[in-house]
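Listing of run20.tsv, TSV, C-alpha atoms and all ligand atoms
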chain	number	residue	atom	x	y	z
A	11	MET	CA	-15.74	17.67	68.98
A	12	LYS	CA	-15.18	16.69	72.59
A	13	ILE	CA	-18.18	18.72	73.84
A	14	ARG	CA	-20.41	17.37	71.15
A	15	ARG	CA	-19.67	13.76	72.00
A	16	SER	CA	-20.42	14.28	75.69
A	17	THR	CA	-23.68	16.04	74.79
A	18	ILE	CA	-24.73	13.03	72.74
A	19	VAL	CA	-23.82	10.74	75.61
A	20	VAL	CA	-25.96	12.76	78.02
A	21	VAL	CA	-28.92	12.80	75.63
A	22	VAL	CA	-28.69	9.05	75.02
A	23	PHE	CA	-28.41	8.47	78.76
A	24	LEU	CA	-31.55	10.53	79.41
A	25	ILE	CA	-33.47	8.64	76.71
A	26	LEU	CA	-32.39	5.34	78.26
A	27	LEU	CA	-33.46	6.51	81.72
A	28	THR	CA	-36.90	7.42	80.45
A	29	ALA	CA	-37.26	4.29	78.35
A	30	CYS	CA	-36.45	1.80	81.11
A	31	GLY	CA	-38.43	3.53	83.81
A	32	CYS	CA	-35.33	3.90	85.97
A	33	THR	CA	-36.46	7.39	87.01
A	34	ALA	CA	-39.03	5.87	89.37
A	35	PRO	CA	-38.10	6.30	93.05
A	36	PRO	CA	-35.93	3.31	94.07
A	37	HIS	CA	-37.92	2.54	97.24
A	38	ASP	CA	-41.08	1.51	95.43
A	39	GLY	CA	-39.26	-1.33	93.66
A	40	GLY	CA	-39.78	0.26	90.25
A	41	GLY	CA	-43.53	-0.29	90.30
A	42	LYS	CA	-43.23	-3.99	91.05
A	43	MET	CA	-45.66	-5.80	93.30
A	44	GLY	CA	-44.01	-6.67	96.62
A	45	VAL	CA	-44.60	-10.26	97.69
A	46	ALA	CA	-43.20	-12.39	100.51
A	47	VAL	CA	-42.59	-16.14	100.48
A	48	SER	CA	-41.46	-18.54	103.19
A	49	ILE	CA	-38.93	-20.76	101.39
A	50	LEU	CA	-36.58	-20.42	98.40
A	51	PRO	CA	-38.33	-22.94	96.09
A	52	LEU	CA	-41.51	-20.84	96.47
A	53	ALA	CA	-39.49	-17.74	95.55
A	54	GLU	CA	-38.45	-19.57	92.37
A	55	PHE	CA	-42.08	-20.46	91.51
A	56	VAL	CA	-43.33	-16.91	92.20
A	57	GLU	CA	-40.50	-15.33	90.20
A	58	ARG	CA	-41.06	-17.68	87.27
A	59	VAL	CA	-44.75	-16.67	87.11
A	60	GLY	CA	-44.40	-13.03	88.22
A	61	GLY	CA	-41.31	-12.30	86.13
A	62	ASP	CA	-40.31	-8.63	86.22
A	63	LYS	CA	-43.64	-7.60	87.77
A	64	VAL	CA	-42.83	-8.87	91.26
A	65	ASN	CA	-40.29	-8.19	93.97
A	66	VAL	CA	-39.89	-11.31	96.11
A	67	LYS	CA	-38.77	-11.30	99.75
A	68	VAL	CA	-37.76	-14.70	101.20
A	69	LEU	CA	-38.41	-15.09	104.94
A	70	ILE	CA	-36.61	-18.39	105.66
A	71	PRO	CA	-32.94	-18.24	104.64
A	72	SER	CA	-31.09	-21.05	102.92
A	73	GLY	CA	-29.65	-23.49	105.44
A	74	ALA	CA	-32.31	-22.87	108.12
A	75	SER	CA	-34.83	-25.59	108.92
A	76	SER	CA	-38.24	-24.56	107.63
A	77	HIS	CA	-39.84	-26.31	110.62
A	78	THR	CA	-38.23	-24.37	113.42
A	79	TYR	CA	-37.08	-21.11	111.84
A	80	GLU	CA	-38.82	-17.93	112.88
A	81	PRO	CA	-38.01	-14.70	111.05
A	82	LYS	CA	-36.63	-11.90	113.25
A	83	PRO	CA	-39.07	-9.05	114.06
A	84	SER	CA	-37.10	-6.79	111.68
A	85	GLU	CA	-37.55	-9.30	108.85
A	86	MET	CA	-41.25	-9.55	109.61
A	87	VAL	CA	-41.53	-5.77	109.33
A	88	ASP	CA	-39.49	-5.97	106.14
A	89	ALA	CA	-42.38	-7.87	104.61
A	90	ALA	CA	-44.58	-4.83	105.28
A	91	GLY	CA	-44.17	-3.60	101.71
A	92	ALA	CA	-45.54	-6.92	100.50
A	93	GLN	CA	-49.08	-7.28	99.23
A	94	ILE	CA	-49.19	-11.08	99.27
A	95	PHE	CA	-47.59	-13.73	101.46
A	96	PHE	CA	-47.26	-17.03	99.59
A	97	LYS	CA	-47.01	-19.92	102.02
A	98	VAL	CA	-46.44	-23.62	101.50
A	99	GLY	CA	-49.25	-24.29	103.96
A	100	VAL	CA	-49.89	-27.69	105.57
A	101	GLY	CA	-48.71	-26.14	108.87
A	102	LEU	CA	-45.14	-25.50	107.70
A	103	GLU	CA	-45.11	-21.76	108.49
A	104	ALA	CA	-45.41	-21.73	112.28
A	105	PHE	CA	-44.67	-17.98	112.31
A	106	GLU	CA	-47.66	-17.11	110.11
A	107	ASP	CA	-49.83	-15.60	112.88
A	108	LYS	CA	-47.03	-13.30	114.05
A	109	LEU	CA	-46.33	-12.20	110.48
A	110	ILE	CA	-49.97	-11.23	109.99
A	111	GLN	CA	-50.03	-9.37	113.31
A	112	VAL	CA	-47.13	-7.23	112.09
A	113	ASN	CA	-48.54	-6.83	108.56
A	114	SER	CA	-52.31	-6.63	108.80
A	115	ASN	CA	-52.71	-5.73	105.09
A	116	LEU	CA	-50.97	-8.88	103.89
A	117	SER	CA	-53.17	-11.31	102.01
A	118	VAL	CA	-52.10	-14.90	102.57
A	119	VAL	CA	-52.12	-17.40	99.69
A	120	ASP	CA	-51.96	-21.11	100.48
A	121	THR	CA	-50.02	-22.48	97.49
A	122	SER	CA	-50.75	-26.10	98.45
A	123	ALA	CA	-54.53	-25.62	98.20
A	124	GLY	CA	-56.12	-28.49	96.29
A	125	LEU	CA	-53.19	-30.92	96.61
A	126	SER	CA	-53.66	-34.50	97.68
A	127	LEU	CA	-51.72	-34.65	100.96
A	128	LEU	CA	-49.81	-37.49	102.59
A	129	GLU	CA	-50.32	-38.10	106.28
A	130	GLY	CA	-47.52	-36.91	108.56
A	131	SER	CA	-45.31	-39.90	109.29
A	132	SER	CA	-44.29	-40.78	112.82
A	133	GLU	CA	-40.66	-40.11	111.82
A	134	HIS	CA	-41.59	-36.52	111.21
A	135	ASP	CA	-42.88	-33.74	113.46
A	136	GLY	CA	-45.63	-35.56	115.33
A	137	ALA	CA	-47.50	-32.26	115.65
A	138	LEU	CA	-48.42	-32.03	111.97
A	139	GLU	CA	-51.36	-34.01	110.64
A	140	TYR	CA	-50.03	-33.97	107.07
A	141	ASP	CA	-46.55	-34.04	105.58
A	142	PRO	CA	-45.69	-30.42	104.66
A	143	HIS	CA	-42.92	-31.09	102.06
A	144	VAL	CA	-45.37	-30.86	99.16
A	145	TRP	CA	-43.09	-28.84	96.85
A	146	LEU	CA	-40.66	-31.75	96.47
A	147	SER	CA	-43.10	-33.42	94.07
A	148	VAL	CA	-42.77	-31.96	90.57
A	149	ARG	CA	-46.45	-32.77	89.99
A	150	ASN	CA	-47.43	-30.82	93.11
A	151	ALA	CA	-45.20	-27.96	91.97
A	152	GLY	CA	-47.31	-27.60	88.81
A	153	LYS	CA	-50.46	-27.18	90.89
A	154	MET	CA	-48.69	-24.73	93.23
A	155	VAL	CA	-47.62	-22.67	90.21
A	156	GLU	CA	-51.28	-22.56	89.08
A	157	ASN	CA	-52.32	-21.31	92.52
A	158	ILE	CA	-49.60	-18.64	92.42
A	159	CYS	CA	-50.73	-17.53	88.96
A	160	SER	CA	-54.36	-17.20	90.09
A	161	ALA	CA	-53.36	-15.07	93.07
A	162	LEU	CA	-51.08	-12.77	91.04
A	163	SER	CA	-53.74	-12.37	88.34
A	164	ALA	CA	-56.38	-11.50	90.95
A	165	ALA	CA	-54.11	-8.93	92.61
A	166	ASP	CA	-52.92	-7.43	89.32
A	167	PRO	CA	-55.54	-8.17	86.60
A	168	GLU	CA	-53.86	-5.81	84.11
A	169	ASN	CA	-50.92	-8.22	83.78
A	170	SER	CA	-52.99	-11.39	83.88
A	171	ASP	CA	-52.06	-12.45	80.32
A	172	TYR	CA	-48.39	-12.09	81.20
A	173	TYR	CA	-48.73	-14.28	84.31
A	174	VAL	CA	-50.73	-16.92	82.43
A	175	GLN	CA	-48.12	-17.09	79.66
A	176	ASN	CA	-45.30	-17.46	82.23
A	177	ARG	CA	-47.29	-20.15	84.05
A	178	GLU	CA	-47.74	-22.10	80.81
A	179	ASP	CA	-44.02	-21.84	79.98
A	180	TYR	CA	-42.93	-23.00	83.42
A	181	ILE	CA	-45.47	-25.83	83.64
A	182	ALA	CA	-44.23	-27.07	80.25
A	183	GLU	CA	-40.72	-27.21	81.79
A	184	LEU	CA	-42.05	-29.03	84.85
A	185	ASP	CA	-43.84	-31.59	82.65
A	186	ILE	CA	-40.60	-32.35	80.80
A	187	LEU	CA	-38.77	-32.60	84.14
A	188	ASP	CA	-41.39	-34.99	85.53
A	189	ALA	CA	-41.05	-37.27	82.48
A	190	GLU	CA	-37.24	-37.23	82.88
A	191	LEU	CA	-37.41	-38.09	86.57
A	192	GLN	CA	-39.94	-40.82	85.87
A	193	ALA	CA	-37.53	-42.34	83.35
A	194	SER	CA	-34.40	-42.07	85.50
A	195	THR	CA	-36.03	-43.42	88.67
A	196	SER	CA	-37.80	-46.27	86.86
A	197	SER	CA	-34.40	-47.81	86.11
A	198	MET	CA	-33.49	-47.91	89.82
A	199	THR	CA	-33.13	-51.53	90.88
A	200	VAL	CA	-33.18	-50.70	94.60
A	201	LYS	CA	-36.36	-48.68	95.10
A	202	LYS	CA	-35.54	-47.71	98.69
A	203	PHE	CA	-33.50	-44.77	99.85
A	204	ILE	CA	-32.33	-43.77	103.35
A	205	VAL	CA	-32.45	-40.11	104.37
A	206	PHE	CA	-31.88	-38.34	107.69
A	207	HIS	CA	-34.84	-35.94	107.53
A	208	PRO	CA	-37.86	-37.43	105.69
A	209	ALA	CA	-38.60	-34.53	103.33
A	210	TRP	CA	-38.98	-36.67	100.20
A	211	SER	CA	-42.27	-38.55	100.76
A	212	TYR	CA	-44.09	-36.82	97.88
A	213	PHE	CA	-41.12	-37.39	95.60
A	214	ALA	CA	-41.14	-41.06	96.60
A	215	ARG	CA	-44.89	-41.30	95.97
A	216	ASP	CA	-44.58	-39.87	92.45
A	217	TYR	CA	-41.96	-42.38	91.37
A	218	GLY	CA	-42.85	-45.50	93.35
A	219	LEU	CA	-39.91	-45.26	95.75
A	220	GLU	CA	-39.72	-45.97	99.48
A	221	GLN	CA	-38.22	-43.39	101.83
A	222	ILE	CA	-36.58	-44.70	105.00
A	223	ALA	CA	-36.04	-41.97	107.62
A	224	ILE	CA	-33.24	-41.87	110.18
A	225	GLU	CA	-34.91	-39.20	112.31
A	226	VAL	CA	-37.47	-40.41	114.82
A	227	GLU	CA	-40.37	-38.01	115.44
A	228	GLY	CA	-38.23	-35.11	114.31
A	229	LYS	CA	-35.41	-36.00	116.71
A	230	GLU	CA	-32.01	-37.69	116.62
A	231	PRO	CA	-32.46	-41.48	116.75
A	232	GLY	CA	-31.27	-43.64	119.65
A	233	PRO	CA	-28.64	-46.44	119.27
A	234	LYS	CA	-31.36	-49.07	118.68
A	235	ASP	CA	-32.96	-46.98	115.90
A	236	ILE	CA	-29.54	-46.50	114.31
A	237	MET	CA	-28.86	-50.24	114.33
A	238	GLU	CA	-32.24	-50.85	112.67
A	239	VAL	CA	-31.33	-48.48	109.83
A	240	VAL	CA	-27.93	-50.16	109.49
A	241	GLU	CA	-29.66	-53.55	109.21
A	242	THR	CA	-32.12	-52.24	106.61
A	243	ALA	CA	-29.23	-50.78	104.60
A	244	LYS	CA	-27.30	-54.05	104.71
A	245	GLN	CA	-30.35	-56.14	103.74
A	246	ASN	CA	-31.03	-53.91	100.74
A	247	ASN	CA	-27.38	-53.46	99.84
A	248	ILE	CA	-27.75	-49.67	100.23
A	249	LYS	CA	-24.44	-47.80	100.21
A	250	VAL	CA	-25.55	-44.15	100.25
A	251	ILE	CA	-27.09	-42.27	103.16
A	252	PHE	CA	-28.78	-39.01	102.17
A	253	ALA	CA	-28.70	-35.98	104.46
A	254	SER	CA	-29.51	-32.31	104.03
A	255	PRO	CA	-27.65	-29.06	104.80
A	256	GLN	CA	-30.31	-27.97	107.34
A	257	PHE	CA	-29.49	-30.77	109.79
A	258	SER	CA	-26.43	-32.32	111.42
A	259	THR	CA	-24.87	-35.05	109.26
A	260	LYS	CA	-23.31	-36.79	112.28
A	261	THR	CA	-25.76	-39.70	112.50
A	262	ALA	CA	-25.78	-40.17	108.73
A	263	GLU	CA	-21.96	-40.43	108.88
A	264	VAL	CA	-22.09	-42.99	111.70
A	265	ILE	CA	-24.49	-45.16	109.67
A	266	SER	CA	-22.51	-44.77	106.45
A	267	ARG	CA	-19.33	-45.94	108.24
A	268	GLU	CA	-21.18	-49.00	109.57
A	269	ILE	CA	-22.23	-50.00	106.05
A	270	GLY	CA	-19.00	-48.92	104.34
A	271	GLY	CA	-20.82	-46.31	102.30
A	272	GLY	CA	-20.97	-42.56	101.96
A	273	VAL	CA	-23.14	-39.54	102.73
A	274	ILE	CA	-24.67	-37.43	99.95
A	275	LEU	CA	-26.28	-34.06	100.69
A	276	ILE	CA	-29.60	-33.28	99.03
A	277	ASP	CA	-31.24	-29.92	99.73
A	278	PRO	CA	-35.05	-29.62	100.01
A	279	LEU	CA	-34.75	-25.82	100.06
A	280	GLU	CA	-32.51	-25.20	97.02
A	281	LYS	CA	-33.78	-22.26	94.95
A	282	ASN	CA	-33.09	-23.52	91.43
A	283	TYR	CA	-35.91	-26.03	91.51
A	284	THR	CA	-35.59	-27.89	88.21
A	285	ALA	CA	-31.79	-28.25	88.44
A	286	ASN	CA	-32.08	-29.42	92.05
A	287	MET	CA	-34.74	-32.05	91.34
A	288	ARG	CA	-32.64	-33.36	88.42
A	289	TYR	CA	-29.62	-33.57	90.73
A	290	VAL	CA	-31.54	-35.44	93.45
A	291	ALA	CA	-32.99	-37.99	90.99
A	292	ALA	CA	-29.55	-38.50	89.43
A	293	GLU	CA	-27.94	-39.10	92.85
A	294	MET	CA	-30.66	-41.59	93.77
A	295	SER	CA	-30.22	-43.47	90.50
A	296	LYS	CA	-26.47	-43.53	91.05
A	297	ALA	CA	-26.94	-44.81	94.61
A	298	SER	CA	-29.20	-47.58	93.31
A	299	GLY	CA	-26.60	-48.49	90.69
A	300	GLU	CA	-23.88	-48.76	93.36
A	301	ALA	CA	-26.12	-51.08	95.35
A	302	GLN	CA	-26.77	-53.20	92.26
A	303	HIS	CA	-23.11	-53.60	91.24
A	304	GLU	CA	-21.96	-54.63	94.70
A	401	ZN	ZN	-39.17	-31.45	107.11

Could you write out this file's structure as structure tokens?
Ligand SMILES: [Zn+2]
Amino acid sequence: MKIRRSTIVVVVFLILLTACGCTAPPHDGGGKMGVAVSILPLAEFVERVGGDKVNVKVLIPSGASSHTYEPKPSEMVDAAGAQIFFKVGVGLEAFEDKLIQVNSNLSVVDTSAGLSLLEGSSEHDGALEYDPHVWLSVRNAGKMVENICSALSAADPENSDYYVQNREDYIAELDILDAELQASTSSMTVKKFIVFHPAWSYFARDYGLEQIAIEVEGKEPGPKDIMEVVETAKQNNIKVIFASPQFSTKTAEVISREIGGGVILIDPLEKNYTANMRYVAAEMSKASGEAQHE
């Protein structure tokens, strides 16, 4: 009885192994296409379209600034198994040339191709002609997801139907999200928000908001700049200063103390894109409400 049961277990185990393809050598990722991305939100987009057909390697870790971070040589080599490198583009990935030197077979896909870009503001890195934070617009995200789908389908035409179906499903989610954010931000009475690093220009454009940056040309502001922001906050009855985990919150805290307000962290590089965008819009609506009820 005992022997028989273990025999059945072994047989069932072998059937399962064969059925799920787990017998494939572990180093080839189970037949998945290796792809590399720069930032976590792009990993989310690529995974949502590529599903179980892709193995995504993220080059810029959570918490690092996407502007200054450069992957270590070992991480660059790690991308060697990748077929495609999905970049945000717009000059964000300063390490791109080095990555291609290390991985000459890598085909680079510019996910922001075809987007209508905003000019780089003087508050931001003066070196960039256009503002690179394109993914923080839900409408841009839809177009980026289309670009990702085209590239995956071209590289792996056999699974094209699968990628197209996933793209449609995710874009439907993004459309619902966009309508929700439109509704929640339209009720904001104070249409301005103050943020340390100006990553939210595309978000502001989509919903008719005005972003006020604390940073000056990508650097910490001087005392005069700080006083200007304090004045703007007081004039508009703004009580919340937004900051992000990639930068020091020190200046945001100084300003919030001056206006008797608080600091709220919003993360431009959070992986769970739809949940994060909902959170950001909700915090902005709440901040506007606090200004209104003062
Ligand atoms: Zn930035």

Near-ligand residues for ligand ZN 401 (chain A), threshold 8 Å, only C-alpha atoms and all ligand atoms, as a PDB file with C-alpha atoms, in the frame of the given file:
ATOM      1  CA  SER A  75     -34.830 -25.590 108.920  1.00  0.00           C
ATOM      2  CA  SER A  76     -38.240 -24.560 107.630  1.00  0.00           C
ATOM      3  CA  HIS A  77     -39.840 -26.310 110.620  1.00  0.00           C
ATOM      4  CA  HIS A 134     -41.590 -36.520 111.210  1.00  0.00           C
ATOM      5  CA  ASP A 135     -42.880 -33.740 113.460  1.00  0.00           C
ATOM      6  CA  ASP A 141     -46.550 -34.040 105.580  1.00  0.00           C
ATOM      7  CA  PRO A 142     -45.690 -30.420 104.660  1.00  0.00           C
ATOM      8  CA  HIS A 143     -42.920 -31.090 102.060  1.00  0.00           C
ATOM      9  CA  HIS A 207     -34.840 -35.940 107.530  1.00  0.00           C
ATOM     10  CA  PRO A 208     -37.860 -37.430 105.690  1.00  0.00           C
ATOM     11  CA  ALA A 209     -38.600 -34.530 103.330  1.00  0.00           C
TER      12      ALA A 209
END

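Reported to one decimal place, the separation of CA of Phe213 (chain A) from CA of Asp277 (chain A) is 13.1 Å.
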
What gap, in Å, lies between CA of Ser295 (chain A) and CA of Ile276 (chain A)?
->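 If I compute the distance from CA of Ser295 (chain A) to CA of Ile276 (chain A), I get 13.3 Å.
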
Could you please determine the separation between CA of Val200 (chain A) and CA of Asn246 (chain A) in Å, to one decimal place?
->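 Value for the CA of Val200 (chain A)-CA of Asn246 (chain A) distance: 7.3 Å.
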
Take the point (-43.5, -9.7, 103.1) as written in the file and pick out every residue within 9 Å of it, counting only C-alpha atoms; give the list as a PyMOL selection string.
-> chain A and resi 44-47+66-69+85-96+109+113+116

Pick from A:Asp216, A:Glu230, A:Glu54, A:Glu156 nearest to Leu191 (chain A), counting all atoms listed in the file =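 Under the stated criterion, the closest residue is A:Asp216.
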
Using only C-alpha atoms, which of the listed residues (A:Val100, A:Val250, A:Ala262, A:Leu275) sits closest to Leu128 (chain A)?
->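 Smallest separation from Leu128 (chain A) among the options: A:Val100.
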
What lies within 9 Å of Val119 (chain A) using all atoms listed in the file, ignoring chain neighbours under 3 positions off, as number ranges by chain?
-> A: 94-99, 122-123, 157-158, 161

Keeping C-alpha atoms, export the residues of the selection given above as a PDB file, keeping the file's coordinate frame.
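Output file again17.pdb is given in full below:
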ATOM      1  CA  ILE A  94     -49.190 -11.080  99.270  1.00  0.00           C
ATOM      2  CA  PHE A  95     -47.590 -13.730 101.460  1.00  0.00           C
ATOM      3  CA  PHE A  96     -47.260 -17.030  99.590  1.00  0.00           C
ATOM      4  CA  LYS A  97     -47.010 -19.920 102.020  1.00  0.00           C
ATOM      5  CA  VAL A  98     -46.440 -23.620 101.500  1.00  0.00           C
ATOM      6  CA  GLY A  99     -49.250 -24.290 103.960  1.00  0.00           C
ATOM      7  CA  SER A 122     -50.750 -26.100  98.450  1.00  0.00           C
ATOM      8  CA  ALA A 123     -54.530 -25.620  98.200  1.00  0.00           C
ATOM      9  CA  ASN A 157     -52.320 -21.310  92.520  1.00  0.00           C
ATOM     10  CA  ILE A 158     -49.600 -18.640  92.420  1.00  0.00           C
ATOM     11  CA  ALA A 161     -53.360 -15.070  93.070  1.00  0.00           C
TER      12      ALA A 161
END

Do you know which residues are at most 7 Å from Gly130 (chain A) counting only C-alpha atoms, after dropping those on the same chain fewer than 5 positions away, and could you put them as a PyMOL selection string?
-> chain A and resi 138-141

Best match for closeness to Ala193 (chain A) among A:Val112, A:Ala291, A:Ile49, A:Ile70, counting all atoms listed in the file =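 That would be A:Ala291, the residue with the smallest distance to Ala193 (chain A).
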
Exercise: Lys296 (chain A) partners within 10 Å, all atoms listed in the file, chain neighbours under 4 positions left out, as a ChimeraX atom specification = /A:194-195,198,250,290-292,300-302

For the selection you just gave me, I'd like the residues written to a file as a CSV table (one decimal), keeping the file's coordinate frame, keeping C-alpha atoms.
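The resulting file, part.csv, is reproduced below:
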chain,number,residue,atom,x,y,z
A,194,SER,CA,-34.4,-42.1,85.5
A,195,THR,CA,-36.0,-43.4,88.7
A,198,MET,CA,-33.5,-47.9,89.8
A,250,VAL,CA,-25.6,-44.2,100.2
A,290,VAL,CA,-31.5,-35.4,93.4
A,291,ALA,CA,-33.0,-38.0,91.0
A,292,ALA,CA,-29.6,-38.5,89.4
A,300,GLU,CA,-23.9,-48.8,93.4
A,301,ALA,CA,-26.1,-51.1,95.4
A,302,GLN,CA,-26.8,-53.2,92.3

Could you give me, as a VMD selection string, the residues within 8 Å of Asn150 (chain A), counting all atoms listed in the file and dropping anything in the same chain fewer than 5 positions from it?
-> chain A and resid 122 125 144 to 145

Take the point (-35.1, -37.8, 104.8) as written in the file and pick out every residue within 12 Å of it, counting all atoms listed in the file; give the list as a PyMOL selection string.
-> chain A and resi 131+133-134+143+146+202-214+220-228+251-257+259+262+274-278

From A:Glu57, A:Asp120, A:Asp62, A:Glu80, residue lying nearest Arg177 (chain A) [only C-alpha atoms] =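 Distance minimum relative to Arg177 (chain A) lands on A:Glu57.
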